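Worksheet: the structure to be examined is printed underneath.
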Amino acid sequence: MPEGFPPVDFESWRSRVEAELEGWDFERTLGTPMVEGVSLAPLYAERPDSAPPLPRDTGWALWEERAFADPARIAAALGDEPTRLHLRTAELRASSDSLRRLPGDLVGLSLQAGAEPLPWVAALREAGIAPAELRLGADPLGAFARSGALPGSWKELTAEWRELAPLLETDGKVALLRVDTAPYHEAGSNAVQELAFCLATAHAYLAARPDEIAEAPMEIALEVSSGVLLEAAKLRAARWLLAKLFAGWQQESAVILHANTSRRMLSRFDPWVNVLRSSHAVFAAAVGGADSIVCRPFDERLGEPSTLGLRLARNTQLVLAREGHVDRVADPARGSFAIETLTDQLAREAWAVFQQIESAGGMTEALVSGWVRTRVDASARERAQRIARRQDPLTGVSEYPLAGEELLERPPRPRWPSKATERRASGPAIEPFTLLPDAAPFEALREAAQTNPPLAFLANLGPRSEYGPRSTWTRQLLIAGGFDVEEHEGSDALEPEAAAEALADAARASEAALVVVCASDARQATHGEALVRALAANAPRRLGWAGRPADREAALRSAGVTDFLFAGADVVEQLTELLAAVGVPRIGKVPR
């Protein structure tokens, strides 16, 4: 500390901040609560006593994901560099014909063999494919969560794992079992739940794994979103917890920690923002210590990704590694009190949930009984509420939407034809976990109004310096809900009655279905009711008021206001009602 500046401890700092807050609660005002049940603090002054083991030495492996119908197109799109390829085969069956047409110089190949790995083993042998690194992806519980059915009993399916042993006889690096949390993440689970489900699934696989394949590493695949601090902590906590789990089985933690950038976070409107989201997610995965990463294209949710989308997905990792040198440090997050504290909190919370799952009979029973579904749905509802109230803003969707935007067009994603050998689903059945994108509620509203968007008129009162913030907030809100917006330039030169008449004339001329009064609190108090009465005389379908009405709600409603728009309200519900009121056909249940 420079001379003349005495040291300040955390408690002294907090006391001073609380004095400045003048009665406002410190945690609620400056903390950031998350659906995981933990909060981001405004300042971290110390690290937790415990620390997770170091992740990989340095660097991570870049994998690319493809789901093209024609394997020849995969070869054309992969480029010249040595490639590790992940094939999205979760809904497909094994086919040696398709595998044979893959590029012959693959460094690595990753499959999603799910509950039925043996057909894939046979297809690999017939195709003569033996890459330096093979990830088979045998994951019956992940397949169960994704499809809702199993082709046999747990005992029958895991008994087949002995027949995977011949794959270990090659010189390459082979991972046979995968724990994939994507079904739960995409359905709305939070980070604590994902870690707990990961542990419970890994525990089930360790208990069923025969000695013949016990030496093979287990792949742990986690979805990573754009919140850098939380997602980096999630990966660090995963490695820590898995080491503890394997130690309980008196085994070394032979895991490959793999990260996929989240589909749930991607938007269909303003998809260019997805490039930023994915950059944050890749950075979080790298900082969190992932051994390998797949970055999904920015146009993933629009259909078959474009060549540009695929190239940007690859280059996102290359830039961070080769220009940002994030791959040169073994544990970049070590020393960040924020990430280390979150790592500790997530690990402890997840271990407690894992113990609850085991007490309930294990992961299989927790899925069949609905235990997992109940908790994932509760997390999804809380997340949807935060998004609907714009507590968790989505850039380009709920915040800063592009007016008049048209969706990018992409061809539909075709299925990869294969010679399917389908086994009858004779095991347990559940409701499958499906993708619920964060942006879905706002996307549904905009798509409903896209053919003939209704017009909203903002009746701005006073000078721009007064109404500007409220008008900007309201404009963004209405565009996010599918409205076209026209604004009146306010003026402070008119008396209340004259200002009201001028705005009423402008609103009438616009023929807008929705009119919203935007002004400062002070201006609303002096001019508001006169303006509302003048606007109501034109009988717009809906008459809105931007801001909380406080004790004037009854008077304003009596004067003609039908809707109050303010921060903290469930704007998805409000926008749904407004669109219906101005003639946009209801879209049914908005995805929540």
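Chain labels A, B, ... are given in the sequence in which chains occur in the structure tokens; within each chain residues are numbered consecutively from 1, and ligands are likewise numbered from 1 in the order shown.
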
task = Find the residues around A:Glu466 up to 12 Å (only C-alpha atoms counted), leave out those fewer than 5 positions away in its own chain, and share them as a PyMOL selection string.
result = chain A and resi 460-461+471-472+489-492+518-524

Any chance you could export the current selection's N, CA and C atoms as a compact mmCIF listing (two decimals), in the first residue's frame?
```txt
# COMPACT_ATOMS: atom_id res chain seq x y z
N ASN A 460 -44.50 11.28 -26.13
CA ASN A 460 -43.42 11.79 -25.28
C ASN A 460 -43.74 13.21 -24.83
N LEU A 461 -43.67 13.41 -23.53
CA LEU A 461 -44.07 14.68 -22.95
C LEU A 461 -42.86 15.37 -22.33
N SER A 471 -38.64 6.71 -22.50
CA SER A 471 -39.05 6.44 -23.87
C SER A 471 -38.18 5.35 -24.50
N THR A 472 -36.87 5.41 -24.25
CA THR A 472 -35.96 4.40 -24.80
C THR A 472 -36.29 3.02 -24.24
N GLU A 489 -41.79 13.78 -30.95
CA GLU A 489 -40.77 14.59 -30.30
C GLU A 489 -41.44 15.52 -29.29
N GLY A 490 -41.12 15.34 -28.04
CA GLY A 490 -41.75 16.15 -27.00
C GLY A 490 -41.30 17.60 -27.03
N SER A 491 -41.94 18.41 -26.19
CA SER A 491 -41.60 19.83 -26.08
C SER A 491 -41.99 20.33 -24.70
N ASP A 492 -41.19 21.23 -24.14
CA ASP A 492 -41.53 21.80 -22.83
C ASP A 492 -42.09 23.21 -22.97
N CYS A 518 -45.08 8.66 -22.22
CA CYS A 518 -43.71 8.59 -21.70
C CYS A 518 -43.30 9.98 -21.22
N ALA A 519 -42.97 10.12 -19.96
CA ALA A 519 -42.54 11.39 -19.40
C ALA A 519 -41.87 11.12 -18.07
N SER A 520 -41.20 12.12 -17.56
CA SER A 520 -40.60 11.99 -16.24
C SER A 520 -41.71 11.95 -15.19
N ASP A 521 -41.37 11.50 -13.98
CA ASP A 521 -42.37 11.45 -12.91
C ASP A 521 -42.95 12.84 -12.64
N ALA A 522 -42.06 13.86 -12.62
CA ALA A 522 -42.53 15.21 -12.33
C ALA A 522 -43.48 15.71 -13.41
N ARG A 523 -43.14 15.46 -14.67
CA ARG A 523 -43.98 15.92 -15.77
C ARG A 523 -45.30 15.13 -15.80
N GLN A 524 -45.25 13.85 -15.49
CA GLN A 524 -46.48 13.07 -15.44
C GLN A 524 -47.42 13.60 -14.36
```

task = For A:Leu30, work out the shell of residues within 9 Å, counting only C-alpha atoms and skipping chain neighbours fewer than 5 positions away, then give it as a VMD selection string.
result = chain A and resid 25 40 to 42

key: Per-residue DSSP, stretch 121-172 of chain A, filtered to strand (DSSP E or B), as a list in words   =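 Filtering stretch 121-172 of chain A to strand (DSSP E or B) leaves Glu133, Leu134, Arg135, Leu136, Gly137, Ala138 and Ala149 of chain A.
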
Residues just named, written with all heavy atoms as a compact mmCIF listing (two decimals), in the first residue's frame:
```txt
# COMPACT_ATOMS: atom_id res chain seq x y z
N GLU A 133 -8.00 -40.85 -31.51
CA GLU A 133 -8.84 -40.66 -30.33
C GLU A 133 -10.27 -41.00 -30.68
O GLU A 133 -10.83 -40.45 -31.64
CB GLU A 133 -8.73 -39.22 -29.81
CG GLU A 133 -9.48 -38.99 -28.51
CD GLU A 133 -9.19 -37.63 -27.89
OE1 GLU A 133 -8.37 -36.89 -28.45
OE2 GLU A 133 -9.81 -37.33 -26.84
N LEU A 134 -10.87 -41.88 -29.92
CA LEU A 134 -12.25 -42.30 -30.14
C LEU A 134 -13.05 -42.11 -28.86
O LEU A 134 -12.64 -42.56 -27.79
CB LEU A 134 -12.32 -43.76 -30.57
CG LEU A 134 -13.74 -44.36 -30.70
CD1 LEU A 134 -14.52 -43.67 -31.81
CD2 LEU A 134 -13.68 -45.86 -30.92
N ARG A 135 -14.19 -41.45 -28.98
CA ARG A 135 -15.14 -41.33 -27.87
C ARG A 135 -16.45 -41.94 -28.34
O ARG A 135 -17.14 -41.39 -29.19
CB ARG A 135 -15.34 -39.86 -27.48
CG ARG A 135 -14.04 -39.17 -27.05
CD ARG A 135 -14.28 -37.75 -26.61
NE ARG A 135 -13.03 -37.07 -26.31
CZ ARG A 135 -12.94 -35.80 -25.90
NH1 ARG A 135 -14.07 -35.09 -25.72
NH2 ARG A 135 -11.77 -35.25 -25.65
N LEU A 136 -16.76 -43.09 -27.76
CA LEU A 136 -17.93 -43.84 -28.21
C LEU A 136 -19.23 -43.21 -27.74
O LEU A 136 -20.23 -43.23 -28.45
CB LEU A 136 -17.82 -45.28 -27.73
CG LEU A 136 -18.91 -46.24 -28.21
CD1 LEU A 136 -18.87 -46.39 -29.72
CD2 LEU A 136 -18.76 -47.60 -27.54
N GLY A 137 -19.26 -42.68 -26.53
CA GLY A 137 -20.47 -42.01 -26.05
C GLY A 137 -21.56 -42.94 -25.59
O GLY A 137 -22.75 -42.65 -25.78
N ALA A 138 -21.21 -44.07 -24.97
CA ALA A 138 -22.23 -44.94 -24.38
C ALA A 138 -22.79 -44.25 -23.15
O ALA A 138 -22.09 -44.04 -22.17
CB ALA A 138 -21.62 -46.29 -24.01
N ALA A 149 -37.28 -43.09 -23.29
CA ALA A 149 -37.46 -44.54 -23.28
C ALA A 149 -36.11 -45.23 -23.34
O ALA A 149 -35.13 -44.67 -23.83
CB ALA A 149 -38.34 -44.98 -24.44
```

request  = Using atom CA of A:Thr434 and atom CA of A:Ala187 as the two end points, give the distance in Å to one decimal.
outcome  = 5.5 Å

If DSSP is run on the backbone, what residues of stretch 219-362 of chain A are alpha helix (DSSP H)? A reply as a CSV table (one decimal) with N, CA and C atoms, in the first residue's frame would be ideal.
```csv
chain,number,residue,atom,x,y,z
A,228,VAL,N,-19.5,-16.0,-17.6
A,228,VAL,CA,-18.1,-16.5,-17.4
A,228,VAL,C,-17.8,-17.0,-16.0
A,229,LEU,N,-18.1,-16.2,-15.0
A,229,LEU,CA,-17.8,-16.5,-13.6
A,229,LEU,C,-18.4,-17.8,-13.2
A,230,LEU,N,-19.7,-17.9,-13.4
A,230,LEU,CA,-20.5,-19.1,-13.0
A,230,LEU,C,-20.1,-20.3,-13.7
A,231,GLU,N,-19.9,-20.2,-15.1
A,231,GLU,CA,-19.6,-21.4,-15.9
A,231,GLU,C,-18.2,-21.9,-15.7
A,232,ALA,N,-17.3,-21.0,-15.5
A,232,ALA,CA,-15.9,-21.4,-15.2
A,232,ALA,C,-15.9,-22.1,-13.8
A,233,ALA,N,-16.6,-21.6,-12.9
A,233,ALA,CA,-16.7,-22.2,-11.6
A,233,ALA,C,-17.4,-23.6,-11.7
A,234,LYS,N,-18.4,-23.8,-12.5
A,234,LYS,CA,-19.1,-25.0,-12.7
A,234,LYS,C,-18.1,-26.1,-13.2
A,235,LEU,N,-17.3,-25.8,-14.1
A,235,LEU,CA,-16.3,-26.8,-14.6
A,235,LEU,C,-15.3,-27.2,-13.6
A,236,ARG,N,-14.8,-26.1,-12.9
A,236,ARG,CA,-13.8,-26.4,-11.8
A,236,ARG,C,-14.4,-27.3,-10.7
A,237,ALA,N,-15.7,-27.0,-10.4
A,237,ALA,CA,-16.3,-27.8,-9.4
A,237,ALA,C,-16.6,-29.2,-9.8
A,238,ALA,N,-16.9,-29.4,-11.1
A,238,ALA,CA,-17.1,-30.7,-11.7
A,238,ALA,C,-15.9,-31.6,-11.5
A,239,ARG,N,-14.7,-31.0,-11.8
A,239,ARG,CA,-13.5,-31.8,-11.7
A,239,ARG,C,-13.2,-32.2,-10.3
A,240,TRP,N,-13.5,-31.2,-9.4
A,240,TRP,CA,-13.2,-31.5,-8.0
A,240,TRP,C,-14.2,-32.6,-7.4
A,241,LEU,N,-15.4,-32.5,-7.8
A,241,LEU,CA,-16.4,-33.4,-7.3
A,241,LEU,C,-16.2,-34.8,-7.9
A,242,LEU,N,-15.8,-34.9,-9.1
A,242,LEU,CA,-15.6,-36.2,-9.7
A,242,LEU,C,-14.4,-36.8,-9.1
A,243,ALA,N,-13.3,-36.1,-8.8
A,243,ALA,CA,-12.2,-36.6,-8.1
A,243,ALA,C,-12.6,-37.2,-6.8
A,244,LYS,N,-13.5,-36.5,-6.1
A,244,LYS,CA,-14.0,-37.0,-4.8
A,244,LYS,C,-14.8,-38.3,-5.0
A,245,LEU,N,-15.6,-38.3,-6.0
A,245,LEU,CA,-16.5,-39.5,-6.3
A,245,LEU,C,-15.6,-40.7,-6.7
A,246,PHE,N,-14.6,-40.5,-7.6
A,246,PHE,CA,-13.8,-41.6,-8.0
A,246,PHE,C,-12.9,-42.1,-6.8
A,247,ALA,N,-12.5,-41.2,-5.9
A,247,ALA,CA,-11.7,-41.6,-4.7
A,247,ALA,C,-12.6,-42.5,-3.9
A,248,GLY,N,-13.9,-42.3,-3.8
A,248,GLY,CA,-14.8,-43.2,-3.0
A,248,GLY,C,-14.8,-44.6,-3.6
A,273,VAL,N,-25.4,-11.8,-32.2
A,273,VAL,CA,-25.1,-11.7,-30.8
A,273,VAL,C,-24.6,-13.1,-30.3
A,274,ASN,N,-25.0,-14.1,-30.9
A,274,ASN,CA,-24.6,-15.5,-30.5
A,274,ASN,C,-23.1,-15.7,-30.6
A,275,VAL,N,-22.5,-14.9,-31.5
A,275,VAL,CA,-21.0,-15.0,-31.6
A,275,VAL,C,-20.4,-14.5,-30.3
A,276,LEU,N,-20.9,-13.5,-29.8
A,276,LEU,CA,-20.4,-13.0,-28.5
A,276,LEU,C,-20.7,-13.9,-27.4
A,277,ARG,N,-22.0,-14.5,-27.4
A,277,ARG,CA,-22.3,-15.4,-26.3
A,277,ARG,C,-21.4,-16.6,-26.3
A,278,SER,N,-21.1,-17.1,-27.5
A,278,SER,CA,-20.3,-18.3,-27.7
A,278,SER,C,-18.8,-18.0,-27.3
A,279,SER,N,-18.4,-16.8,-27.6
A,279,SER,CA,-17.0,-16.4,-27.2
A,279,SER,C,-16.9,-16.4,-25.7
A,280,HIS,N,-17.9,-15.9,-25.0
A,280,HIS,CA,-17.9,-15.9,-23.5
A,280,HIS,C,-17.9,-17.3,-23.0
A,281,ALA,N,-18.7,-18.2,-23.7
A,281,ALA,CA,-18.8,-19.6,-23.2
A,281,ALA,C,-17.5,-20.3,-23.4
A,282,VAL,N,-16.9,-20.1,-24.6
A,282,VAL,CA,-15.6,-20.8,-24.8
A,282,VAL,C,-14.5,-20.3,-23.8
A,283,PHE,N,-14.5,-19.0,-23.6
A,283,PHE,CA,-13.5,-18.5,-22.6
A,283,PHE,C,-13.8,-19.1,-21.2
A,284,ALA,N,-15.1,-19.2,-20.8
A,284,ALA,CA,-15.4,-19.7,-19.5
A,284,ALA,C,-14.9,-21.2,-19.5
A,285,ALA,N,-15.2,-22.0,-20.5
A,285,ALA,CA,-14.8,-23.4,-20.6
A,285,ALA,C,-13.3,-23.5,-20.5
A,286,ALA,N,-12.5,-22.6,-21.2
A,286,ALA,CA,-11.1,-22.7,-21.2
A,286,ALA,C,-10.6,-22.3,-19.8
A,287,VAL,N,-11.1,-21.3,-19.2
A,287,VAL,CA,-10.7,-20.8,-17.9
A,287,VAL,C,-11.1,-21.9,-16.8
A,288,GLY,N,-12.2,-22.6,-17.0
A,288,GLY,CA,-12.6,-23.6,-16.1
A,288,GLY,C,-11.9,-24.9,-16.2
A,307,THR,N,-21.6,-22.1,-43.8
A,307,THR,CA,-20.2,-22.2,-43.8
A,307,THR,C,-19.6,-21.1,-42.9
A,308,LEU,N,-20.2,-19.9,-42.9
A,308,LEU,CA,-19.7,-18.8,-42.1
A,308,LEU,C,-19.9,-19.2,-40.6
A,309,GLY,N,-21.0,-19.7,-40.3
A,309,GLY,CA,-21.2,-20.1,-38.9
A,309,GLY,C,-20.2,-21.2,-38.4
A,310,LEU,N,-20.0,-22.1,-39.2
A,310,LEU,CA,-19.0,-23.2,-38.9
A,310,LEU,C,-17.6,-22.6,-38.7
A,311,ARG,N,-17.2,-21.7,-39.6
A,311,ARG,CA,-15.9,-21.1,-39.6
A,311,ARG,C,-15.7,-20.3,-38.4
A,312,LEU,N,-16.7,-19.5,-38.0
A,312,LEU,CA,-16.6,-18.6,-36.8
A,312,LEU,C,-16.6,-19.5,-35.6
A,313,ALA,N,-17.3,-20.6,-35.6
A,313,ALA,CA,-17.3,-21.4,-34.4
A,313,ALA,C,-15.9,-22.0,-34.2
A,314,ARG,N,-15.2,-22.4,-35.2
A,314,ARG,CA,-13.9,-22.9,-35.1
A,314,ARG,C,-12.9,-21.8,-34.7
A,315,ASN,N,-13.0,-20.7,-35.4
A,315,ASN,CA,-12.1,-19.6,-35.2
A,315,ASN,C,-12.2,-19.0,-33.8
A,316,THR,N,-13.4,-19.1,-33.2
A,316,THR,CA,-13.5,-18.6,-31.8
A,316,THR,C,-12.5,-19.2,-30.9
A,317,GLN,N,-12.4,-20.6,-31.0
A,317,GLN,CA,-11.4,-21.3,-30.2
A,317,GLN,C,-10.0,-20.9,-30.6
A,318,LEU,N,-9.7,-20.9,-31.9
A,318,LEU,CA,-8.4,-20.6,-32.3
A,318,LEU,C,-7.9,-19.3,-31.9
A,337,PHE,N,-10.7,-14.7,-6.5
A,337,PHE,CA,-11.5,-15.0,-5.3
A,337,PHE,C,-13.0,-15.2,-5.7
A,338,ALA,N,-13.5,-14.5,-6.7
A,338,ALA,CA,-14.9,-14.7,-7.1
A,338,ALA,C,-15.1,-16.1,-7.7
A,339,ILE,N,-14.3,-16.5,-8.6
A,339,ILE,CA,-14.5,-17.8,-9.2
A,339,ILE,C,-14.2,-18.9,-8.2
A,340,GLU,N,-13.2,-18.7,-7.4
A,340,GLU,CA,-12.9,-19.8,-6.4
A,340,GLU,C,-14.0,-19.9,-5.3
A,341,THR,N,-14.6,-18.8,-4.9
A,341,THR,CA,-15.7,-18.8,-4.0
A,341,THR,C,-16.9,-19.5,-4.6
A,342,LEU,N,-17.2,-19.2,-5.9
A,342,LEU,CA,-18.3,-19.8,-6.6
A,342,LEU,C,-18.1,-21.3,-6.8
A,343,THR,N,-16.8,-21.7,-7.1
A,343,THR,CA,-16.5,-23.1,-7.2
A,343,THR,C,-16.8,-23.8,-5.9
A,344,ASP,N,-16.4,-23.3,-4.8
A,344,ASP,CA,-16.6,-23.9,-3.5
A,344,ASP,C,-18.1,-24.0,-3.2
A,345,GLN,N,-18.9,-22.9,-3.5
A,345,GLN,CA,-20.3,-22.9,-3.2
A,345,GLN,C,-21.1,-23.9,-4.1
A,346,LEU,N,-20.7,-23.9,-5.4
A,346,LEU,CA,-21.4,-24.9,-6.3
A,346,LEU,C,-21.1,-26.3,-5.9
A,347,ALA,N,-19.9,-26.6,-5.6
A,347,ALA,CA,-19.5,-27.9,-5.2
A,347,ALA,C,-20.2,-28.4,-4.0
A,348,ARG,N,-20.3,-27.6,-3.0
A,348,ARG,CA,-21.0,-28.0,-1.8
A,348,ARG,C,-22.5,-28.2,-2.0
A,349,GLU,N,-23.1,-27.3,-2.7
A,349,GLU,CA,-24.5,-27.4,-3.0
A,349,GLU,C,-24.8,-28.6,-3.9
A,350,ALA,N,-24.0,-28.9,-4.9
A,350,ALA,CA,-24.2,-30.0,-5.7
A,350,ALA,C,-24.0,-31.3,-5.0
A,351,TRP,N,-23.0,-31.4,-4.1
A,351,TRP,CA,-22.8,-32.6,-3.4
A,351,TRP,C,-24.0,-33.0,-2.5
A,352,ALA,N,-24.6,-31.9,-1.9
A,352,ALA,CA,-25.8,-32.1,-1.1
A,352,ALA,C,-27.0,-32.7,-1.9
A,353,VAL,N,-27.2,-32.1,-3.2
A,353,VAL,CA,-28.2,-32.6,-4.0
A,353,VAL,C,-27.9,-34.1,-4.5
A,354,PHE,N,-26.6,-34.3,-4.8
A,354,PHE,CA,-26.2,-35.7,-5.2
A,354,PHE,C,-26.6,-36.7,-4.1
A,355,GLN,N,-26.4,-36.3,-2.8
A,355,GLN,CA,-26.7,-37.2,-1.7
A,355,GLN,C,-28.2,-37.4,-1.7
A,356,GLN,N,-29.0,-36.4,-2.0
A,356,GLN,CA,-30.5,-36.6,-2.0
A,356,GLN,C,-30.9,-37.6,-3.1
A,357,ILE,N,-30.2,-37.5,-4.3
A,357,ILE,CA,-30.5,-38.4,-5.4
A,357,ILE,C,-30.2,-39.8,-4.9
A,358,GLU,N,-29.1,-40.0,-4.3
A,358,GLU,CA,-28.7,-41.4,-3.9
A,358,GLU,C,-29.7,-41.9,-2.8
A,359,SER,N,-30.1,-41.0,-1.9
A,359,SER,CA,-31.1,-41.4,-0.9
A,359,SER,C,-32.4,-41.8,-1.6
```

message = Report, in Å with one decimal, the straight-line distance from atom CA of A:Glu486 to atom CA of A:Ser558.
response =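 Interatomic distance, atom CA of A:Glu486 to atom CA of A:Ser558: 25.7 Å.
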
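With only C-alpha atoms as the basis for measurement, A:Leu458 is the residue among A:Leu458, A:Val255, A:Leu565, A:Ala559 that approaches A:Val515 most closely.
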
task = Skip A:Ala127 itself and residues of its chain fewer than 5 positions away, then list as JSON, numbers by chain all residues within 7 Å of it, counting only C-alpha atoms.
result = {"A": [96, 99, 100]}

query = Which polymer residues have any atom within 9 Å of an atom of A:Arg548, counting only C-alpha atoms, with same-chain residues fewer than 5 positions away left out, as a VMD selection string?
reply = chain A and resid 553 564 to 567

request  = Would you kindly return, as a list in words, each protein, DNA or RNA residue with an atom no farther than 7 Å from any atom of stretch 289-294 of chain A, considering only C-alpha atoms and excluding same-chain residues fewer than 4 positions away?
outcome  =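 The residues that qualify are Pro55, Arg56, Trp60, Ala61, Leu62, Trp63, Glu64, Glu65, Leu235, Arg236, Ile256, Leu257, His258, Ala259, Asn260, Thr261, Ala285 and Asp331 of chain A.
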
request  = Figure out the distance between atom CA of A:Thr395 and atom CA of A:Gly583, please, to one decimal in Å.
outcome  =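 Result for atom CA of A:Gly583 versus atom CA of A:Thr395: 27.4 Å, one decimal.
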